[in-house]
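To be precise, the following lines are upload_7.tsv, and they hold TSV, C-alpha atoms and all ligand atoms.
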chain	number	residue	atom	x	y	z
X	1	MET	CA	80.68	68.33	331.79
X	2	PRO	CA	80.47	69.53	328.17
X	3	ASN	CA	83.54	69.15	326.00
X	4	PRO	CA	85.90	72.12	326.11
X	5	SER	CA	85.49	74.27	323.01
X	6	LEU	CA	88.04	75.59	320.55
X	7	LEU	CA	87.80	78.05	317.69
X	8	ILE	CA	90.47	77.47	315.07
X	9	LEU	CA	91.41	80.43	312.88
X	10	PRO	CA	94.13	79.24	310.48
X	11	GLY	CA	94.36	82.60	308.69
X	12	ASP	CA	96.84	83.32	305.90
X	13	GLY	CA	100.14	82.12	304.45
X	14	ILE	CA	101.52	79.10	306.28
X	15	GLY	CA	98.75	79.39	308.90
X	16	PRO	CA	96.53	76.68	307.38
X	17	GLU	CA	99.46	74.29	306.87
X	18	VAL	CA	100.74	74.48	310.42
X	19	MET	CA	97.21	74.36	311.83
X	20	ALA	CA	96.54	71.12	309.94
X	21	GLU	CA	99.29	69.56	312.06
X	22	VAL	CA	97.74	70.89	315.26
X	23	ARG	CA	94.53	69.17	314.16
X	24	LYS	CA	96.38	65.85	314.17
X	25	VAL	CA	97.50	66.52	317.72
X	26	ILE	CA	93.97	67.48	318.79
X	27	ASP	CA	92.63	64.29	317.22
X	28	TRP	CA	95.28	62.27	319.01
X	29	PHE	CA	94.24	63.64	322.39
X	30	SER	CA	90.66	62.67	321.61
X	31	SER	CA	91.43	59.11	320.53
X	32	SER	CA	94.26	58.39	322.97
X	33	ARG	CA	93.64	60.45	326.08
X	34	GLY	CA	89.88	60.82	326.19
X	35	LEU	CA	90.22	64.58	325.85
X	36	THR	CA	87.77	65.65	323.16
X	37	PHE	CA	87.27	69.24	322.11
X	38	ASP	CA	84.33	70.76	320.28
X	39	VAL	CA	86.15	72.40	317.41
X	40	ALA	CA	84.83	75.16	315.17
X	41	GLU	CA	86.83	76.71	312.35
X	42	ASP	CA	86.50	80.13	310.76
X	43	LEU	CA	88.30	82.83	308.79
X	44	VAL	CA	90.57	85.64	309.91
X	45	GLY	CA	92.92	88.04	308.16
X	46	GLY	CA	93.38	88.32	304.42
X	47	ILE	CA	91.29	85.29	303.63
X	48	ALA	CA	88.40	86.77	305.63
X	49	TYR	CA	88.84	90.02	303.73
X	50	ASP	CA	88.78	88.17	300.40
X	51	THR	CA	85.59	86.35	301.40
X	52	HIS	CA	83.70	88.96	303.44
X	53	GLY	CA	85.42	92.29	302.81
X	54	THR	CA	86.59	92.48	306.42
X	55	PRO	CA	89.49	90.76	308.22
X	56	LEU	CA	87.15	89.61	310.99
X	57	THR	CA	83.36	89.45	310.77
X	58	ASP	CA	81.14	90.23	313.76
X	59	GLU	CA	79.98	86.61	313.67
X	60	THR	CA	83.53	85.32	314.02
X	61	MET	CA	84.20	87.82	316.78
X	62	ALA	CA	81.12	86.60	318.67
X	63	LEU	CA	82.22	82.99	318.20
X	64	ALA	CA	85.67	83.84	319.59
X	65	GLN	CA	84.03	85.38	322.65
X	66	SER	CA	81.95	82.26	323.23
X	67	VAL	CA	84.60	79.51	323.15
X	68	ASP	CA	87.07	78.37	325.81
X	69	ALA	CA	90.10	79.11	323.67
X	70	VAL	CA	90.99	80.42	320.22
X	71	LEU	CA	93.88	78.94	318.20
X	72	LEU	CA	95.21	81.23	315.49
X	73	GLY	CA	97.69	80.46	312.70
X	74	ALA	CA	98.94	83.67	311.11
X	75	VAL	CA	97.61	86.71	309.27
X	76	GLY	CA	98.84	88.93	306.44
X	77	GLY	CA	100.73	88.80	303.19
X	78	PRO	CA	102.08	91.07	300.44
X	79	LYS	CA	98.80	90.78	298.55
X	80	TYR	CA	97.21	93.00	301.20
X	81	ASP	CA	99.95	95.63	301.48
X	82	GLU	CA	97.99	98.30	299.65
X	83	LEU	CA	94.76	97.85	301.61
X	84	ASP	CA	93.46	100.61	303.84
X	85	PHE	CA	94.63	100.28	307.43
X	86	SER	CA	91.11	99.62	308.67
X	87	VAL	CA	90.79	96.39	306.70
X	88	LYS	CA	94.36	95.08	306.72
X	89	PRO	CA	94.63	91.42	307.82
X	90	GLU	CA	96.43	92.49	311.02
X	91	ARG	CA	93.34	94.43	312.10
X	92	GLY	CA	91.51	91.12	312.50
X	93	LEU	CA	94.08	89.91	315.00
X	94	LEU	CA	94.21	93.25	316.79
X	95	ARG	CA	90.43	93.30	317.10
X	96	LEU	CA	90.46	89.83	318.67
X	97	ARG	CA	93.11	90.90	321.17
X	98	LYS	CA	91.32	94.14	322.00
X	99	GLU	CA	87.72	92.93	322.25
X	100	MET	CA	88.65	89.79	324.18
X	101	ASP	CA	90.80	92.10	326.34
X	102	LEU	CA	93.80	89.76	326.15
X	103	PHE	CA	96.15	92.00	328.07
X	104	ALA	CA	98.87	89.50	328.98
X	105	ASN	CA	100.85	88.02	326.10
X	106	LEU	CA	103.14	85.20	327.22
X	107	ARG	CA	106.03	84.56	324.87
X	108	PRO	CA	108.43	81.92	326.13
X	109	ALA	CA	111.88	81.76	324.57
X	110	GLN	CA	113.34	78.36	325.29
X	111	CYS	CA	116.39	76.84	323.76
X	112	PHE	CA	115.97	73.19	322.87
X	113	ASP	CA	119.23	71.42	323.53
X	114	ALA	CA	119.17	69.73	320.12
X	115	LEU	CA	119.08	73.16	318.47
X	116	ALA	CA	121.61	75.03	320.61
X	117	ASP	CA	124.18	75.07	317.82
X	118	PHE	CA	121.64	76.56	315.51
X	119	SER	CA	121.39	79.86	317.37
X	120	SER	CA	123.34	82.81	316.01
X	121	LEU	CA	124.86	83.05	319.49
X	122	LYS	CA	127.45	80.66	320.90
X	123	ARG	CA	126.17	77.49	322.53
X	124	GLU	CA	127.53	78.48	325.95
X	125	VAL	CA	125.58	81.76	325.82
X	126	ILE	CA	122.19	80.24	325.05
X	127	ALA	CA	122.33	76.67	326.38
X	128	GLY	CA	119.48	76.07	328.80
X	129	LEU	CA	117.81	79.35	327.90
X	130	ASP	CA	114.35	79.66	329.41
X	131	ILE	CA	112.87	83.15	329.40
X	132	MET	CA	109.26	84.25	329.55
X	133	ILE	CA	108.44	87.59	327.99
X	134	VAL	CA	105.15	89.02	329.23
X	135	ARG	CA	104.06	91.65	326.75
X	136	GLU	CA	101.18	94.05	327.42
X	137	LEU	CA	98.89	93.46	324.47
X	138	THR	CA	95.81	95.67	324.51
X	139	SER	CA	97.05	99.18	325.06
X	140	GLY	CA	100.06	101.44	324.55
X	141	ILE	CA	101.01	102.88	321.20
X	142	TYR	CA	99.17	100.16	319.28
X	143	PHE	CA	95.82	101.54	320.38
X	144	GLY	CA	96.40	105.01	321.88
X	145	GLU	CA	94.49	108.06	320.61
X	146	PRO	CA	94.99	110.39	318.86
X	147	ARG	CA	96.35	108.48	315.92
X	148	GLY	CA	96.32	109.00	312.19
X	149	ILE	CA	97.88	110.77	309.23
X	150	THR	CA	96.81	114.37	308.63
X	151	ASP	CA	98.07	117.51	306.86
X	152	ASP	CA	100.69	119.43	308.76
X	153	ASN	CA	99.48	122.80	307.34
X	154	GLU	CA	102.88	123.38	305.70
X	155	GLY	CA	102.11	121.36	302.61
X	156	GLY	CA	103.34	118.15	304.20
X	157	ARG	CA	101.74	115.50	306.34
X	158	VAL	CA	102.08	114.34	309.90
X	159	GLY	CA	101.73	110.81	311.26
X	160	VAL	CA	100.67	110.45	314.87
X	161	ASN	CA	100.48	107.59	317.35
X	162	THR	CA	100.07	107.87	321.08
X	163	GLN	CA	101.66	105.88	323.86
X	164	ARG	CA	99.23	105.81	326.75
X	165	TYR	CA	99.09	103.58	329.82
X	166	THR	CA	96.87	103.73	332.89
X	167	THR	CA	97.65	102.47	336.37
X	168	ARG	CA	95.14	99.68	335.96
X	169	GLU	CA	96.62	98.51	332.66
X	170	ILE	CA	100.13	98.45	334.06
X	171	ARG	CA	99.17	96.72	337.28
X	172	ARG	CA	97.21	93.90	335.73
X	173	VAL	CA	99.96	92.85	333.33
X	174	ALA	CA	102.60	93.23	336.03
X	175	ARG	CA	100.49	91.02	338.29
X	176	ALA	CA	100.43	88.35	335.58
X	177	ALA	CA	104.22	88.56	335.34
X	178	PHE	CA	104.76	88.29	339.10
X	179	ASP	CA	102.37	85.33	339.34
X	180	LEU	CA	104.25	83.53	336.58
X	181	ALA	CA	107.62	84.30	338.14
X	182	ARG	CA	106.54	82.61	341.34
X	183	LYS	CA	106.06	79.38	339.40
X	184	ARG	CA	109.47	79.76	337.73
X	185	SER	CA	112.72	81.25	339.09
X	186	ASN	CA	110.94	84.06	340.92
X	187	ARG	CA	112.61	86.94	339.08
X	188	VAL	CA	110.97	89.75	337.09
X	189	CYS	CA	112.76	92.38	335.02
X	190	SER	CA	110.52	95.25	333.94
X	191	MET	CA	111.53	97.17	330.80
X	192	GLU	CA	110.49	100.64	329.64
X	193	LYS	CA	112.07	103.95	328.66
X	194	ALA	CA	111.58	105.88	331.87
X	195	ASN	CA	114.54	108.03	330.88
X	196	VAL	CA	112.60	109.63	328.01
X	197	MET	CA	108.90	108.74	328.29
X	198	GLU	CA	106.39	109.76	330.96
X	199	SER	CA	104.45	106.56	330.28
X	200	GLY	CA	107.70	104.77	331.11
X	201	VAL	CA	108.05	106.65	334.40
X	202	LEU	CA	104.51	105.66	335.34
X	203	TRP	CA	105.19	102.08	334.27
X	204	ARG	CA	108.26	101.82	336.48
X	205	GLU	CA	106.55	103.39	339.49
X	206	GLU	CA	103.42	101.26	339.26
X	207	VAL	CA	105.33	98.00	338.79
X	208	GLN	CA	107.49	98.83	341.80
X	209	LYS	CA	104.45	99.77	343.90
X	210	LEU	CA	102.61	96.57	343.10
X	211	HIS	CA	105.75	94.63	343.90
X	212	ASP	CA	106.14	96.28	347.29
X	213	GLU	CA	102.45	95.77	348.12
X	214	ASP	CA	101.87	92.19	347.01
X	215	TYR	CA	105.01	90.57	345.59
X	216	SER	CA	107.97	91.53	347.77
X	217	ASP	CA	109.05	87.85	347.71
X	218	VAL	CA	109.76	88.15	343.96
X	219	GLU	CA	113.07	89.64	342.86
X	220	LEU	CA	112.31	92.74	340.77
X	221	SER	CA	114.68	94.74	338.60
X	222	HIS	CA	114.11	97.55	336.09
X	223	MET	CA	115.93	98.16	332.83
X	224	TYR	CA	115.62	100.64	330.01
X	225	ALA	CA	114.32	98.72	327.05
X	226	ASP	CA	117.32	99.52	324.83
X	227	ALA	CA	119.71	98.24	327.48
X	228	GLY	CA	117.39	95.27	327.87
X	229	ALA	CA	117.71	94.48	324.17
X	230	MET	CA	121.48	94.64	324.51
X	231	GLN	CA	121.51	92.38	327.58
X	232	LEU	CA	119.16	89.97	325.87
X	233	VAL	CA	121.71	89.23	323.17
X	234	ARG	CA	124.76	89.60	325.45
X	235	ALA	CA	123.74	87.34	328.35
X	236	PRO	CA	120.16	86.14	327.93
X	237	ASN	CA	120.38	83.65	330.78
X	238	GLN	CA	120.29	86.45	333.35
X	239	PHE	CA	116.54	86.80	332.72
X	240	ASP	CA	113.61	84.80	334.02
X	241	VAL	CA	110.41	86.81	333.38
X	242	ILE	CA	110.55	90.07	331.44
X	243	VAL	CA	107.49	92.34	331.60
X	244	THR	CA	107.17	95.16	329.13
X	245	ASP	CA	104.76	97.24	327.07
X	246	ASN	CA	103.11	96.41	323.79
X	247	LEU	CA	105.66	97.86	321.35
X	248	PHE	CA	108.83	97.00	323.26
X	249	GLY	CA	107.40	93.54	323.81
X	250	ASP	CA	106.85	93.14	320.08
X	251	LEU	CA	110.51	93.93	319.38
X	252	LEU	CA	112.09	92.15	322.34
X	253	SER	CA	110.13	88.97	321.76
X	254	ASP	CA	111.30	88.74	318.15
X	255	ALA	CA	114.88	89.17	319.30
X	256	ALA	CA	114.45	86.59	322.06
X	257	ALA	CA	112.83	84.24	319.59
X	258	MET	CA	115.79	84.35	317.26
X	259	LEU	CA	118.15	83.51	320.13
X	260	THR	CA	116.60	80.11	320.27
X	261	GLY	CA	117.54	79.32	316.70
X	262	SER	CA	114.26	79.69	314.90
X	263	LEU	CA	111.16	81.77	315.02
X	264	GLY	CA	109.45	78.61	313.86
X	265	MET	CA	109.75	77.14	317.35
X	266	LEU	CA	108.05	79.70	319.52
X	267	PRO	CA	104.48	79.62	320.80
X	268	SER	CA	102.51	82.29	322.59
X	269	ALA	CA	99.48	82.65	324.80
X	270	SER	CA	97.39	85.79	325.09
X	271	LEU	CA	95.33	85.77	328.25
X	272	GLY	CA	92.61	88.00	329.67
X	273	ALA	CA	90.37	88.01	332.70
X	274	PRO	CA	88.70	84.77	333.90
X	275	MET	CA	85.37	83.88	332.29
X	276	GLU	CA	82.37	82.54	334.19
X	277	ASN	CA	83.74	78.99	334.06
X	278	GLY	CA	86.98	80.16	335.65
X	279	ARG	CA	89.04	79.77	332.47
X	280	PRO	CA	90.81	82.89	331.25
X	281	LYS	CA	89.83	84.45	327.95
X	282	ALA	CA	92.55	83.06	325.75
X	283	LEU	CA	94.06	83.05	322.30
X	284	TYR	CA	97.06	80.94	321.33
X	285	GLU	CA	99.24	81.62	318.31
X	286	PRO	CA	102.75	80.97	317.04
X	287	VAL	CA	105.06	83.98	317.20
X	288	HIS	CA	106.09	83.57	313.57
X	289	GLY	CA	104.09	85.33	310.90
X	290	SER	CA	102.42	84.12	307.74
X	291	ALA	CA	105.74	83.54	305.87
X	292	PRO	CA	104.19	84.09	302.41
X	293	ASP	CA	107.48	83.21	300.70
X	294	ILE	CA	107.19	79.56	301.73
X	295	ALA	CA	103.41	79.23	301.99
X	296	GLY	CA	102.08	76.15	300.25
X	297	SER	CA	105.49	74.55	299.81
X	298	GLY	CA	105.34	72.16	302.77
X	299	LYS	CA	108.43	73.79	304.27
X	300	ALA	CA	106.81	75.48	307.25
X	301	ASN	CA	107.72	74.37	310.75
X	302	PRO	CA	104.54	73.39	312.62
X	303	ILE	CA	106.27	73.24	316.02
X	304	ALA	CA	105.45	76.79	317.16
X	305	CYS	CA	101.78	76.23	316.44
X	306	ILE	CA	101.81	72.81	318.09
X	307	LEU	CA	103.55	74.23	321.16
X	308	SER	CA	100.90	76.97	321.24
X	309	PHE	CA	98.35	74.21	321.63
X	310	ALA	CA	100.48	72.82	324.48
X	311	MET	CA	100.18	76.22	326.13
X	312	ALA	CA	96.40	76.01	325.69
X	313	LEU	CA	96.42	72.65	327.47
X	314	ARG	CA	98.38	74.22	330.31
X	315	TYR	CA	96.79	77.64	330.72
X	316	SER	CA	93.20	77.12	329.57
X	317	PHE	CA	92.47	73.50	330.35
X	318	ASP	CA	94.64	72.80	333.38
X	319	ARG	CA	96.13	69.75	331.65
X	320	GLY	CA	99.74	70.25	332.66
X	321	GLU	CA	100.63	66.58	332.21
X	322	ASP	CA	99.25	66.52	328.70
X	323	ALA	CA	101.17	69.70	327.91
X	324	ASP	CA	104.34	68.05	329.25
X	325	LEU	CA	103.68	65.01	327.09
X	326	LEU	CA	103.30	67.11	323.95
X	327	GLU	CA	106.34	69.25	324.71
X	328	GLY	CA	108.33	66.10	325.47
X	329	ALA	CA	107.31	64.63	322.11
X	330	VAL	CA	108.61	67.74	320.37
X	331	GLU	CA	111.93	67.39	322.20
X	332	ASP	CA	112.10	63.73	321.17
X	333	VAL	CA	111.71	64.39	317.46
X	334	LEU	CA	114.31	67.14	317.59
X	335	ALA	CA	116.70	64.92	319.54
X	336	ASN	CA	116.16	62.27	316.85
X	337	GLY	CA	117.44	64.75	314.28
X	338	LEU	CA	114.19	65.60	312.57
X	339	ARG	CA	114.37	69.06	311.03
X	340	THR	CA	112.07	71.21	308.95
X	341	ALA	CA	113.83	73.42	306.41
X	342	ASP	CA	114.11	76.40	308.78
X	343	LEU	CA	116.17	74.28	311.19
X	344	LEU	CA	118.83	73.16	308.75
X	345	GLY	CA	122.16	74.59	309.77
X	346	GLU	CA	125.36	74.20	307.87
X	347	GLN	CA	125.38	70.49	308.70
X	348	GLY	CA	123.34	69.89	305.55
X	349	THR	CA	121.09	67.22	306.99
X	350	SER	CA	117.96	66.66	304.98
X	351	SER	CA	114.68	68.16	306.00
X	352	VAL	CA	111.19	66.82	306.55
X	353	SER	CA	107.98	68.46	305.39
X	354	THR	CA	105.44	70.21	307.57
X	355	SER	CA	103.18	67.20	307.64
X	356	GLU	CA	106.01	64.70	308.22
X	357	MET	CA	106.99	66.74	311.27
X	358	GLY	CA	103.40	66.67	312.55
X	359	ASP	CA	103.18	62.90	312.03
X	360	ALA	CA	106.48	62.37	313.84
X	361	ILE	CA	105.31	64.38	316.85
X	362	VAL	CA	102.10	62.37	317.05
X	363	ALA	CA	104.13	59.14	316.83
X	364	ALA	CA	106.45	60.40	319.55
X	365	MET	CA	103.44	61.03	321.81
X	366	ASP	CA	102.34	57.45	321.21
X	367	ALA	CA	105.79	56.21	322.10
X	368	ARG	CA	105.87	58.23	325.33
X	369	ARG	CA	102.46	57.24	326.57
X	401	LIG	C1	103.11	89.96	316.72
X	401	LIG	C2	102.94	90.57	315.37
X	401	LIG	C3	101.72	91.47	315.39
X	401	LIG	C4	102.05	92.61	316.33
X	401	LIG	C5	101.22	91.97	314.04
X	401	LIG	C6	100.95	90.86	313.08
X	401	LIG	C7	100.00	92.85	314.21
X	401	LIG	O1	104.10	91.22	314.97
X	401	LIG	O2	102.16	89.31	317.21
X	401	LIG	O3	104.18	90.11	317.30
X	401	LIG	O4	102.67	93.61	315.94
X	401	LIG	O5	101.65	92.52	317.48
X	402	MG	MG	105.75	90.90	316.29

If you convert what's in this file into structure tokens, what do you get?
Ligand code: IPM
Ligand code: MG
Amino acid sequence: MPNPSLLILPGDGIGPEVMAEVRKVIDWFSSSRGLTFDVAEDLVGGIAYDTHGTPLTDETMALAQSVDAVLLGAVGGPKYDELDFSVKPERGLLRLRKEMDLFANLRPAQCFDALADFSSLKREVIAGLDIMIVRELTSGIYFGEPRGITDDNEGGRVGVNTQRYTTREIRRVARAAFDLARKRSNRVCSMEKANVMESGVLWREEVQKLHDEDYSDVELSHMYADAGAMQLVRAPNQFDVIVTDNLFGDLLSDAAAMLTGSLGMLPSASLGAPMENGRPKALYEPVHGSAPDIAGSGKANPIACILSFAMALRYSFDRGEDADLLEGAVEDVLANGLRTADLLGEQGTSSVSTSEMGDAIVAAMDARR
């Protein structure tokens, strides 16, 4: 069997710093667990634009299509604010998602016990939190046509985006959510705005139909996305799996992320259809962005990116035990009081750097082995 292959795209801002820590983890698995990856590295986002005039070259796109999994750091930064939409750093990421057809975006929001007091919500509200948001990632208003900015014929302009979902697009992401729920607490809450949007009506009907056909053992509920946002901050523990569209998923997953205390903790997996070798098309990335304000200062929290690699072990490489080991090591370092700057509450403990955190996680894996 050839080694599994990875394409690493560190990207912009804190992306390269956090990815350097993932590299340590990858190296550890090679030297200590006999799990060696063939690793390629390339450019995406602003740095690709600076080098090649495009946020993702065709060569990099082809490479992404050819590997078993892509690991991405972050894209974007204020330097690129004025660029035309077609070459903005974010377009590189969106192109990867679209062309790899990564329709199911898994965003877990888990509260680590050691950080429960760090949430903006009370400990009793978020303790034990374990939600999985499944966000549709390749359609909806992010990609719908028509789109654009044109003249409105009254001397002004008009900006247009289109929310559009087909039966097939709704069913395949709902199927992913139901399958995940079966491995968790067996509950799915579907969120849309069926009270005002036709695409929301279709969403609700198709999710319900699929449920009744193939997943009647899973508990399904529906919520309007605004009410869902409210419930998410009121009583987040009522949820197990939430399935929702691209835009609502973008918003709800940021809110859910903050419940856990820090955006710097949350990984994500974006999965598509199975490839010839049975592995799904896959891209793994932290939910946090490029954080240009702290880039280069050694303050970034590498945990979200490291936990994204744990998701790769689990969902792409069927190495659940290795994923558990890595996630356990992260829990250990947090329980031992190690904190990057984003995790310092009012307690005023001192913080460790990005690379000290990475080293500590690797040491904790050694200790657990
Ligand atoms: C995310 C981000 C992206 C999105 C941006 C960077 C294009 O906010 O992954 O949540 O809007 O999907
Ligand atoms: Mg977002």

Inset, instruction - Residues within 12 Å of ligand MG 402 (chain X), counting all atoms listed in the file: report them as a PyMOL selection string. - result: chain X and resi 74-75+90+93-94+105+107+135+137+142+246-257+263+266+268+285-290

Inset, instruction - One decimal, Å: what's the distance from CA of Leu325 in chain X over to atom C2 of ligand LIG 401 (chain X), could you say? - result: 28.1 Å

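Here CA of Asp27 in chain X and CA of Ser351 in chain X stand 25.0 Å from one another.
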
Legend entry - Nearby residues (all atoms listed in the file) at most 9 Å from range 331-347 of chain X, same-chain spacing under 4 positions excluded, as a list in words: Phe112, Asp113, Ala114, Leu115, Asp117, Phe118, Gly261, Ser262, Leu263, Gly264, Lys299, Ala300, Asn301, Pro302, Leu326, Glu327, Ser351, Val352, Ser353, Thr354, Glu356, Met357, Ala360, Ile361 and Ala364 of chain X

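In terms of minimum interatomic distance to Leu56 in chain X, X:Leu96 ranks closest within X:Val22, X:Cys189, X:Ile126, X:Leu96, counting only C-alpha atoms.
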
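Here CA of Trp203 in chain X stands at a distance of 26.1 Å from CA of Tyr284 in chain X.
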